[in-house]
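S.K.: Dropping in work.pdb, with PDB, N, CA and C atoms.
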```pdb
ATOM      1  N   MET A  59       0.839  -1.174   0.000
ATOM      2  CA  MET A  59       0.000   0.000   0.000
ATOM      3  C   MET A  59       0.884   1.237   0.000
ATOM      4  N   TYR A  60       0.543   2.203  -0.836
ATOM      5  CA  TYR A  60       1.290   3.448  -0.944
ATOM      6  C   TYR A  60       0.357   4.629  -0.739
ATOM      7  N   VAL A  61       0.930   5.736  -0.252
ATOM      8  CA  VAL A  61       0.182   6.973  -0.071
ATOM      9  C   VAL A  61       0.673   7.953  -1.130
ATOM     10  N   GLN A  62      -0.260   8.546  -1.877
ATOM     11  CA  GLN A  62       0.116   9.511  -2.909
ATOM     12  C   GLN A  62       0.644  10.780  -2.244
ATOM     13  N   VAL A  63       1.857  11.171  -2.609
ATOM     14  CA  VAL A  63       2.441  12.406  -2.073
ATOM     15  C   VAL A  63       2.254  13.524  -3.088
ATOM     16  N   LEU A  64       2.815  13.353  -4.273
ATOM     17  CA  LEU A  64       2.646  14.304  -5.368
ATOM     18  C   LEU A  64       2.272  13.505  -6.610
ATOM     19  N   PRO A  65       1.006  13.348  -6.875
ATOM     20  CA  PRO A  65       0.606  12.515  -8.009
ATOM     21  C   PRO A  65       1.054  13.075  -9.357
ATOM     22  N   GLU A  66       1.170  14.411  -9.472
ATOM     23  CA  GLU A  66       1.585  14.980 -10.755
ATOM     24  C   GLU A  66       3.032  14.636 -11.100
ATOM     25  N   TYR A  67       3.847  14.324 -10.094
ATOM     26  CA  TYR A  67       5.226  13.906 -10.331
ATOM     27  C   TYR A  67       5.412  12.406 -10.143
ATOM     28  N   GLY A  68       4.376  11.713  -9.781
ATOM     29  CA  GLY A  68       4.462  10.273  -9.597
ATOM     30  C   GLY A  68       5.154   9.865  -8.309
ATOM     31  N   LEU A  69       5.117  10.707  -7.286
ATOM     32  CA  LEU A  69       5.764  10.393  -6.012
ATOM     33  C   LEU A  69       4.766   9.766  -5.052
ATOM     34  N   VAL A  70       5.198   8.678  -4.432
ATOM     35  CA  VAL A  70       4.376   7.991  -3.440
ATOM     36  C   VAL A  70       5.217   7.738  -2.196
ATOM     37  N   CYS A  71       4.558   7.500  -1.082
ATOM     38  CA  CYS A  71       5.242   7.217   0.178
ATOM     39  C   CYS A  71       4.872   5.808   0.635
ATOM     40  N   ASP A  72       5.883   5.070   1.045
ATOM     41  CA  ASP A  72       5.651   3.749   1.619
ATOM     42  C   ASP A  72       5.555   3.937   3.131
ATOM     43  N   PRO A  73       4.363   3.806   3.720
ATOM     44  CA  PRO A  73       4.217   4.090   5.150
ATOM     45  C   PRO A  73       4.923   3.080   6.046
ATOM     46  N   MET A  74       5.156   1.879   5.573
ATOM     47  CA  MET A  74       5.837   0.879   6.395
ATOM     48  C   MET A  74       7.326   1.205   6.555
ATOM     49  N   ILE A  75       7.926   1.722   5.494
ATOM     50  CA  ILE A  75       9.362   2.036   5.521
ATOM     51  C   ILE A  75       9.593   3.514   5.822
ATOM     52  N   GLY A  76       8.672   4.360   5.358
ATOM     53  CA  GLY A  76       8.818   5.799   5.559
ATOM     54  C   GLY A  76       9.673   6.449   4.499
ATOM     55  N   VAL A  77       9.638   5.908   3.277
ATOM     56  CA  VAL A  77      10.468   6.417   2.192
ATOM     57  C   VAL A  77       9.556   6.973   1.105
ATOM     58  N   VAL A  78       9.921   8.160   0.584
ATOM     59  CA  VAL A  78       9.216   8.722  -0.563
ATOM     60  C   VAL A  78       9.959   8.283  -1.804
ATOM     61  N   THR A  79       9.249   7.700  -2.741
ATOM     62  CA  THR A  79       9.869   7.181  -3.956
ATOM     63  C   THR A  79       8.920   7.415  -5.122
ATOM     64  N   THR A  80       9.345   7.007  -6.291
ATOM     65  CA  THR A  80       8.507   7.160  -7.471
ATOM     66  C   THR A  80       7.686   5.904  -7.670
ATOM     67  N   ALA A  81       6.557   6.069  -8.298
ATOM     68  CA  ALA A  81       5.673   4.941  -8.560
ATOM     69  C   ALA A  81       6.033   4.329  -9.909
ATOM     70  N   GLY A  82       7.000   3.448  -9.924
ATOM     71  CA  GLY A  82       7.374   2.738 -11.127
ATOM     72  C   GLY A  82       8.267   3.499 -12.069
ATOM     73  N   GLU A  83       8.729   4.680 -11.720
ATOM     74  CA  GLU A  83       9.606   5.460 -12.579
ATOM     75  C   GLU A  83      11.002   5.497 -11.981
ATOM     76  N   SER A  84      11.972   5.740 -12.826
ATOM     77  CA  SER A  84      13.361   5.751 -12.387
ATOM     78  C   SER A  84      13.771   7.150 -11.927
ATOM     79  N   LEU A  85      14.571   7.208 -10.884
ATOM     80  CA  LEU A  85      15.103   8.482 -10.392
ATOM     81  C   LEU A  85      16.476   8.797 -10.972
ATOM     82  N   ALA A  86      16.968   7.993 -11.898
ATOM     83  CA  ALA A  86      18.316   8.184 -12.438
ATOM     84  C   ALA A  86      18.510   9.564 -13.069
ATOM     85  N   PRO A  87      17.598  10.078 -13.895
ATOM     86  CA  PRO A  87      17.828  11.416 -14.454
ATOM     87  C   PRO A  87      17.880  12.503 -13.391
ATOM     88  N   ILE A  88      17.066  12.363 -12.358
ATOM     89  CA  ILE A  88      17.070  13.363 -11.290
ATOM     90  C   ILE A  88      18.366  13.289 -10.497
ATOM     91  N   ILE A  89      18.848  12.087 -10.235
ATOM     92  CA  ILE A  89      20.095  11.922  -9.495
ATOM     93  C   ILE A  89      21.276  12.481 -10.288
ATOM     94  N   GLU A  90      21.253  12.324 -11.612
ATOM     95  CA  GLU A  90      22.316  12.909 -12.439
ATOM     96  C   GLU A  90      22.286  14.429 -12.368
ATOM     97  N   LYS A  91      21.097  15.018 -12.428
ATOM     98  CA  LYS A  91      20.974  16.477 -12.326
ATOM     99  C   LYS A  91      21.443  16.973 -10.953
ATOM    100  N   VAL A  92      21.119  16.229  -9.899
ATOM    101  CA  VAL A  92      21.556  16.612  -8.559
ATOM    102  C   VAL A  92      23.081  16.549  -8.473
ATOM    103  N   GLY A  93      23.686  15.556  -9.104
ATOM    104  CA  GLY A  93      25.150  15.474  -9.136
ATOM    105  C   GLY A  93      25.774  16.659  -9.848
ATOM    106  N   ASP A  94      25.164  17.077 -10.966
ATOM    107  CA  ASP A  94      25.649  18.260 -11.683
ATOM    108  C   ASP A  94      25.515  19.510 -10.819
ATOM    109  N   LEU A  95      24.373  19.654 -10.150
ATOM    110  CA  LEU A  95      24.167  20.824  -9.293
ATOM    111  C   LEU A  95      25.121  20.846  -8.108
ATOM    112  N   GLU A  96      25.447  19.670  -7.562
ATOM    113  CA  GLU A  96      26.418  19.619  -6.464
ATOM    114  C   GLU A  96      27.797  20.064  -6.937
ATOM    115  N   ALA A  97      28.195  19.643  -8.136
ATOM    116  CA  ALA A  97      29.498  20.059  -8.671
ATOM    117  C   ALA A  97      29.531  21.565  -8.898
ATOM    118  N   ILE A  98      28.439  22.136  -9.405
ATOM    119  CA  ILE A  98      28.377  23.576  -9.637
ATOM    120  C   ILE A  98      28.388  24.332  -8.310
ATOM    121  N   ALA A  99      27.659  23.836  -7.314
ATOM    122  CA  ALA A  99      27.646  24.489  -6.002
ATOM    123  C   ALA A  99      29.025  24.433  -5.349
ATOM    124  N   ASP A 100      29.698  23.291  -5.463
ATOM    125  CA  ASP A 100      31.059  23.189  -4.921
ATOM    126  C   ASP A 100      31.996  24.160  -5.630
ATOM    127  N   ASP A 101      31.835  24.331  -6.948
ATOM    128  CA  ASP A 101      32.659  25.260  -7.704
ATOM    129  C   ASP A 101      32.416  26.692  -7.240
ATOM    130  N   MET A 102      31.161  27.037  -6.969
ATOM    131  CA  MET A 102      30.860  28.387  -6.496
ATOM    132  C   MET A 102      31.440  28.639  -5.110
ATOM    133  N   VAL A 103      31.395  27.642  -4.244
ATOM    134  CA  VAL A 103      31.971  27.797  -2.906
ATOM    135  C   VAL A 103      33.493  27.896  -2.997
ATOM    136  N   ASN A 104      34.102  27.126  -3.888
ATOM    137  CA  ASN A 104      35.553  27.178  -4.037
ATOM    138  C   ASN A 104      36.025  28.489  -4.639
ATOM    139  N   MET A 105      35.145  29.238  -5.308
ATOM    140  CA  MET A 105      35.522  30.550  -5.837
ATOM    141  C   MET A 105      35.876  31.509  -4.703
ATOM    142  N   LEU A 106      35.277  31.317  -3.541
ATOM    143  CA  LEU A 106      35.531  32.216  -2.428
ATOM    144  C   LEU A 106      36.960  32.103  -1.922
ATOM    145  N   ALA A 107      37.584  30.940  -2.114
ATOM    146  CA  ALA A 107      38.960  30.761  -1.660
ATOM    147  C   ALA A 107      39.946  31.460  -2.585
ATOM    148  N   GLY A 108      39.606  31.606  -3.863
ATOM    149  CA  GLY A 108      40.497  32.274  -4.807
ATOM    150  C   GLY A 108      41.627  31.400  -5.290
ATOM    151  N   GLU A 109      41.552  30.118  -5.066
ATOM    152  CA  GLU A 109      42.606  29.199  -5.503
ATOM    153  C   GLU A 109      41.999  28.151  -6.411
ATOM    154  N   GLY A 110      42.797  27.632  -7.309
ATOM    155  CA  GLY A 110      42.331  26.559  -8.169
ATOM    156  C   GLY A 110      41.644  27.068  -9.414
ATOM    157  N   ASN A 111      40.957  26.178 -10.093
ATOM    158  CA  ASN A 111      40.288  26.472 -11.357
ATOM    159  C   ASN A 111      38.791  26.403 -11.210
ATOM    160  N   PHE A 112      38.102  27.051 -12.153
ATOM    161  CA  PHE A 112      36.676  26.835 -12.303
ATOM    162  C   PHE A 112      36.459  25.493 -12.966
ATOM    163  N   LEU A 113      35.241  24.981 -12.912
ATOM    164  CA  LEU A 113      34.937  23.732 -13.594
ATOM    165  C   LEU A 113      35.086  23.860 -15.098
ATOM    166  N   ALA A 114      34.609  24.955 -15.673
ATOM    167  CA  ALA A 114      34.588  25.113 -17.119
ATOM    168  C   ALA A 114      35.628  26.122 -17.593
ATOM    169  N   SER A 115      36.768  26.218 -16.922
ATOM    170  CA  SER A 115      37.772  27.196 -17.328
ATOM    171  C   SER A 115      38.835  26.541 -18.202
ATOM    172  N   PHE A 116      39.570  27.378 -18.885
ATOM    173  CA  PHE A 116      40.658  26.904 -19.719
ATOM    174  C   PHE A 116      41.845  26.535 -18.830
ATOM    175  N   PRO A 117      42.777  25.725 -19.332
ATOM    176  CA  PRO A 117      43.940  25.363 -18.517
ATOM    177  C   PRO A 117      44.836  26.569 -18.224
ATOM    178  N   ASN A 118      45.607  26.453 -17.150
ATOM    179  CA  ASN A 118      46.580  27.464 -16.711
ATOM    180  C   ASN A 118      45.920  28.793 -16.354
ATOM    181  N   ARG A 119      44.731  28.749 -15.781
ATOM    182  CA  ARG A 119      44.046  29.962 -15.340
ATOM    183  C   ARG A 119      43.876  29.960 -13.822
ATOM    184  N   GLU A 120      44.876  29.460 -13.104
ATOM    185  CA  GLU A 120      44.753  29.316 -11.658
ATOM    186  C   GLU A 120      44.696  30.658 -10.940
ATOM    187  N   ASN A 121      45.333  31.694 -11.478
ATOM    188  CA  ASN A 121      45.382  32.985 -10.795
ATOM    189  C   ASN A 121      44.353  33.971 -11.329
ATOM    190  N   ALA A 122      43.342  33.500 -12.020
ATOM    191  CA  ALA A 122      42.336  34.411 -12.570
ATOM    192  C   ALA A 122      41.494  35.046 -11.474
ATOM    193  N   LEU A 123      41.121  34.290 -10.455
ATOM    194  CA  LEU A 123      40.258  34.840  -9.400
ATOM    195  C   LEU A 123      40.939  35.930  -8.581
ATOM    196  N   PRO A 124      42.168  35.724  -8.094
ATOM    197  CA  PRO A 124      42.791  36.818  -7.330
ATOM    198  C   PRO A 124      43.041  38.066  -8.171
ATOM    199  N   THR A 125      43.401  37.887  -9.441
ATOM    200  CA  THR A 125      43.643  39.039 -10.311
ATOM    201  C   THR A 125      42.350  39.808 -10.556
ATOM    202  N   ALA A 126      41.278  39.106 -10.850
ATOM    203  CA  ALA A 126      39.993  39.770 -11.075
ATOM    204  C   ALA A 126      39.495  40.438  -9.794
ATOM    205  N   GLY A 127      39.699  39.802  -8.662
ATOM    206  CA  GLY A 127      39.289  40.396  -7.398
ATOM    207  C   GLY A 127      40.070  41.659  -7.071
ATOM    208  N   ALA A 128      41.372  41.649  -7.360
ATOM    209  CA  ALA A 128      42.188  42.836  -7.102
ATOM    210  C   ALA A 128      41.776  43.989  -8.016
ATOM    211  N   ALA A 129      41.525  43.703  -9.287
ATOM    212  CA  ALA A 129      41.106  44.760 -10.215
ATOM    213  C   ALA A 129      39.745  45.327  -9.812
ATOM    214  N   THR A 130      38.833  44.472  -9.423
ATOM    215  CA  THR A 130      37.504  44.933  -9.006
ATOM    216  C   THR A 130      37.603  45.776  -7.743
ATOM    217  N   ALA A 131      38.400  45.337  -6.780
ATOM    218  CA  ALA A 131      38.567  46.099  -5.540
ATOM    219  C   ALA A 131      39.205  47.456  -5.814
ATOM    220  N   PHE A 132      40.154  47.502  -6.746
ATOM    221  CA  PHE A 132      40.799  48.775  -7.093
ATOM    222  C   PHE A 132      39.777  49.765  -7.644
ATOM    223  N   TRP A 133      38.963  49.343  -8.605
ATOM    224  CA  TRP A 133      38.010  50.256  -9.231
ATOM    225  C   TRP A 133      36.900  50.665  -8.272
ATOM    226  N   TYR A 134      36.422  49.741  -7.451
ATOM    227  CA  TYR A 134      35.415  50.125  -6.460
ATOM    228  C   TYR A 134      36.015  51.074  -5.428
ATOM    229  N   GLY A 135      37.245  50.844  -5.015
ATOM    230  CA  GLY A 135      37.905  51.742  -4.079
ATOM    231  C   GLY A 135      38.105  53.124  -4.663
ATOM    232  N   LEU A 136      38.477  53.178  -5.938
ATOM    233  CA  LEU A 136      38.650  54.462  -6.606
ATOM    234  C   LEU A 136      37.323  55.217  -6.688
ATOM    235  N   ALA A 137      36.262  54.518  -7.036
ATOM    236  CA  ALA A 137      34.943  55.165  -7.157
ATOM    237  C   ALA A 137      34.461  55.687  -5.807
ATOM    238  N   VAL A 138      34.586  54.891  -4.763
ATOM    239  CA  VAL A 138      34.135  55.329  -3.436
ATOM    240  C   VAL A 138      35.017  56.465  -2.925
ATOM    241  N   GLY A 139      36.314  56.368  -3.170
ATOM    242  CA  GLY A 139      37.222  57.439  -2.744
ATOM    243  C   GLY A 139      36.920  58.761  -3.431
ATOM    244  N   LEU A 140      36.658  58.717  -4.739
ATOM    245  CA  LEU A 140      36.308  59.951  -5.455
ATOM    246  C   LEU A 140      34.963  60.508  -4.990
ATOM    247  N   LEU A 141      34.027  59.634  -4.674
ATOM    248  CA  LEU A 141      32.737  60.093  -4.165
ATOM    249  C   LEU A 141      32.920  60.812  -2.830
ATOM    250  N   ILE A 142      33.692  60.218  -1.945
ATOM    251  CA  ILE A 142      33.918  60.838  -0.624
ATOM    252  C   ILE A 142      34.677  62.167  -0.788
ATOM    253  N   ALA A 143      35.691  62.186  -1.671
ATOM    254  CA  ALA A 143      36.440  63.424  -1.894
ATOM    255  C   ALA A 143      35.539  64.496  -2.492
ATOM    256  N   GLY A 144      34.653  64.119  -3.418
ATOM    257  CA  GLY A 144      33.733  65.091  -4.011
ATOM    258  C   GLY A 144      32.773  65.666  -2.992
ATOM    259  N   VAL A 145      32.234  64.815  -2.128
ATOM    260  CA  VAL A 145      31.328  65.300  -1.081
ATOM    261  C   VAL A 145      32.088  66.242  -0.145
ATOM    262  N   TYR A 146      33.308  65.912   0.182
ATOM    263  CA  TYR A 146      34.110  66.737   1.098
ATOM    264  C   TYR A 146      34.409  68.104   0.460
ATOM    265  N   VAL A 147      34.784  68.088  -0.828
ATOM    266  CA  VAL A 147      35.130  69.353  -1.505
ATOM    267  C   VAL A 147      33.905  70.233  -1.649
ATOM    268  N   PHE A 148      32.765  69.660  -2.064
ATOM    269  CA  PHE A 148      31.560  70.455  -2.215
ATOM    270  C   PHE A 148      31.010  70.922  -0.866
ATOM    271  N   HIS A 149      31.345  70.216   0.193
ATOM    272  CA  HIS A 149      30.932  70.653   1.525
ATOM    273  C   HIS A 149      31.689  71.888   1.954
ATOM    274  N   LEU A 150      32.925  72.029   1.495
ATOM    275  CA  LEU A 150      33.749  73.184   1.869
ATOM    276  C   LEU A 150      33.335  74.440   1.094
ATOM    277  N   LEU A 151      32.681  74.277  -0.055
ATOM    278  CA  LEU A 151      32.302  75.462  -0.844
ATOM    279  C   LEU A 151      31.181  76.210  -0.247
TER     280      LEU A 151
END
```
What do you get writing this file as structure tokens?

M.R.:
Amino acid sequence: MYVQVLPEYGLVCDPMIGVVTTAGESLAPIIEKVGDLEAIADDMVNMLAGEGNFLASFPNRENALPTAGAATAFWYGLAVGLLIAGVYVFHLL
């Protein structure tokens, strides 16, 4: 005996075991997609360290993240610094 959980997706629950599963359909495509999403999520988390490669990057691009981060920080720092200097100068007028 099974309990319908989501009939539009074919999901049923076995109350004796307590497992939600599909009613006669395979979960292999979903498990493959979950594996792909886990690899992408791990790649996004590893970007925070600034070391290593992206999953889909070209070879010998290990220092791309620190270089891009330094350039971005420089330009944002310049923009904020000029904004503060402009406010200070116009305040003195």

S.K.: Tell me, in Å to one decimal, how far atom C of Pro117 (chain A) is from CA of Gly135 (chain A).

M.R.: 29.7 Å

S.K.: Would you work out the distance separating atom N of Ala114 (chain A) from CA of Ile88 (chain A), expressed in Å to one decimal?

M.R.: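 Computing the Euclidean distance for atom N of Ala114 (chain A) and CA of Ile88 (chain A) yields 21.5 Å.
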
S.K.: Can you check which residues of chain A DSSP gives as strand (DSSP E) on the backbone and send them as an mmCIF file with N, CA and C atoms, in the coordinates of the input?

M.R.:
```cif
data_model
loop_
_atom_site.group_PDB
_atom_site.id
_atom_site.type_symbol
_atom_site.label_atom_id
_atom_site.label_comp_id
_atom_site.auth_asym_id
_atom_site.auth_seq_id
_atom_site.Cartn_x
_atom_site.Cartn_y
_atom_site.Cartn_z
ATOM 1 N N VAL A 61 0.930 5.736 -0.252
ATOM 2 C CA VAL A 61 0.182 6.973 -0.071
ATOM 3 C C VAL A 61 0.673 7.953 -1.130
ATOM 4 N N GLN A 62 -0.260 8.546 -1.877
ATOM 5 C CA GLN A 62 0.116 9.511 -2.909
ATOM 6 C C GLN A 62 0.644 10.780 -2.244
ATOM 7 N N VAL A 63 1.857 11.171 -2.609
ATOM 8 C CA VAL A 63 2.441 12.406 -2.073
ATOM 9 C C VAL A 63 2.254 13.524 -3.088
ATOM 10 N N LEU A 64 2.815 13.353 -4.273
ATOM 11 C CA LEU A 64 2.646 14.304 -5.368
ATOM 12 C C LEU A 64 2.272 13.505 -6.610
ATOM 13 N N LEU A 69 5.117 10.707 -7.286
ATOM 14 C CA LEU A 69 5.764 10.393 -6.012
ATOM 15 C C LEU A 69 4.766 9.766 -5.052
ATOM 16 N N VAL A 70 5.198 8.678 -4.432
ATOM 17 C CA VAL A 70 4.376 7.991 -3.440
ATOM 18 C C VAL A 70 5.217 7.738 -2.196
ATOM 19 N N CYS A 71 4.558 7.500 -1.082
ATOM 20 C CA CYS A 71 5.242 7.217 0.178
ATOM 21 C C CYS A 71 4.872 5.808 0.635
ATOM 22 N N ASP A 72 5.883 5.070 1.045
ATOM 23 C CA ASP A 72 5.651 3.749 1.619
ATOM 24 C C ASP A 72 5.555 3.937 3.131
ATOM 25 N N VAL A 77 9.638 5.908 3.277
ATOM 26 C CA VAL A 77 10.468 6.417 2.192
ATOM 27 C C VAL A 77 9.556 6.973 1.105
ATOM 28 N N VAL A 78 9.921 8.160 0.584
ATOM 29 C CA VAL A 78 9.216 8.722 -0.563
ATOM 30 C C VAL A 78 9.959 8.283 -1.804
ATOM 31 N N THR A 79 9.249 7.700 -2.741
ATOM 32 C CA THR A 79 9.869 7.181 -3.956
ATOM 33 C C THR A 79 8.920 7.415 -5.122
ATOM 34 N N THR A 80 9.345 7.007 -6.291
ATOM 35 C CA THR A 80 8.507 7.160 -7.471
ATOM 36 C C THR A 80 7.686 5.904 -7.670
#
```

S.K.: Can you turn the PyMOL selection byres ((chain A and resi 71-83) around 6.5) into a concrete residue list for this file, as a list in words?

M.R.: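 So the PyMOL selection byres ((chain A and resi 71-83) around 6.5) ends up selecting Met59, Tyr60, Val61, Gln62, Val63, Gly68, Leu69, Val70, Ser84, Leu85 and Ala86 of chain A.
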
S.K.: To one decimal in Å, tell me the separation between CA of Ala128 (chain A) and atom C of Leu95 (chain A).

M.R.: 27.9 Å

S.K.: Taking the DSSP assignment computed from this structure's backbone, write out as number ranges by chain all residues of chain A that belong to helix (DSSP H, G or I).

M.R.: A: 86-105, 122-150

S.K.: Just want the 12 Å neighbourhood of Met105 (chain A), counted on only C-alpha atoms, with same-chain residues fewer than 2 positions away dropped. Output as JSON, numbers by chain.

M.R.: {"A": [98, 99, 100, 101, 102, 103, 107, 108, 109, 110, 111, 112, 113, 120, 121, 122, 123, 124, 126, 127]}

S.K.: Would you give the centre and edge lengths, in Å to one decimal, of a box along x, y and z around the listed atoms of region 60-69 of chain A, with 8 Å added to each side, as JSON?

M.R.:
```
{"center_x": 2.8, "center_y": 8.6, "center_z": -5.6, "size_x": 22.0, "size_y": 28.8, "size_z": 27.0}
```
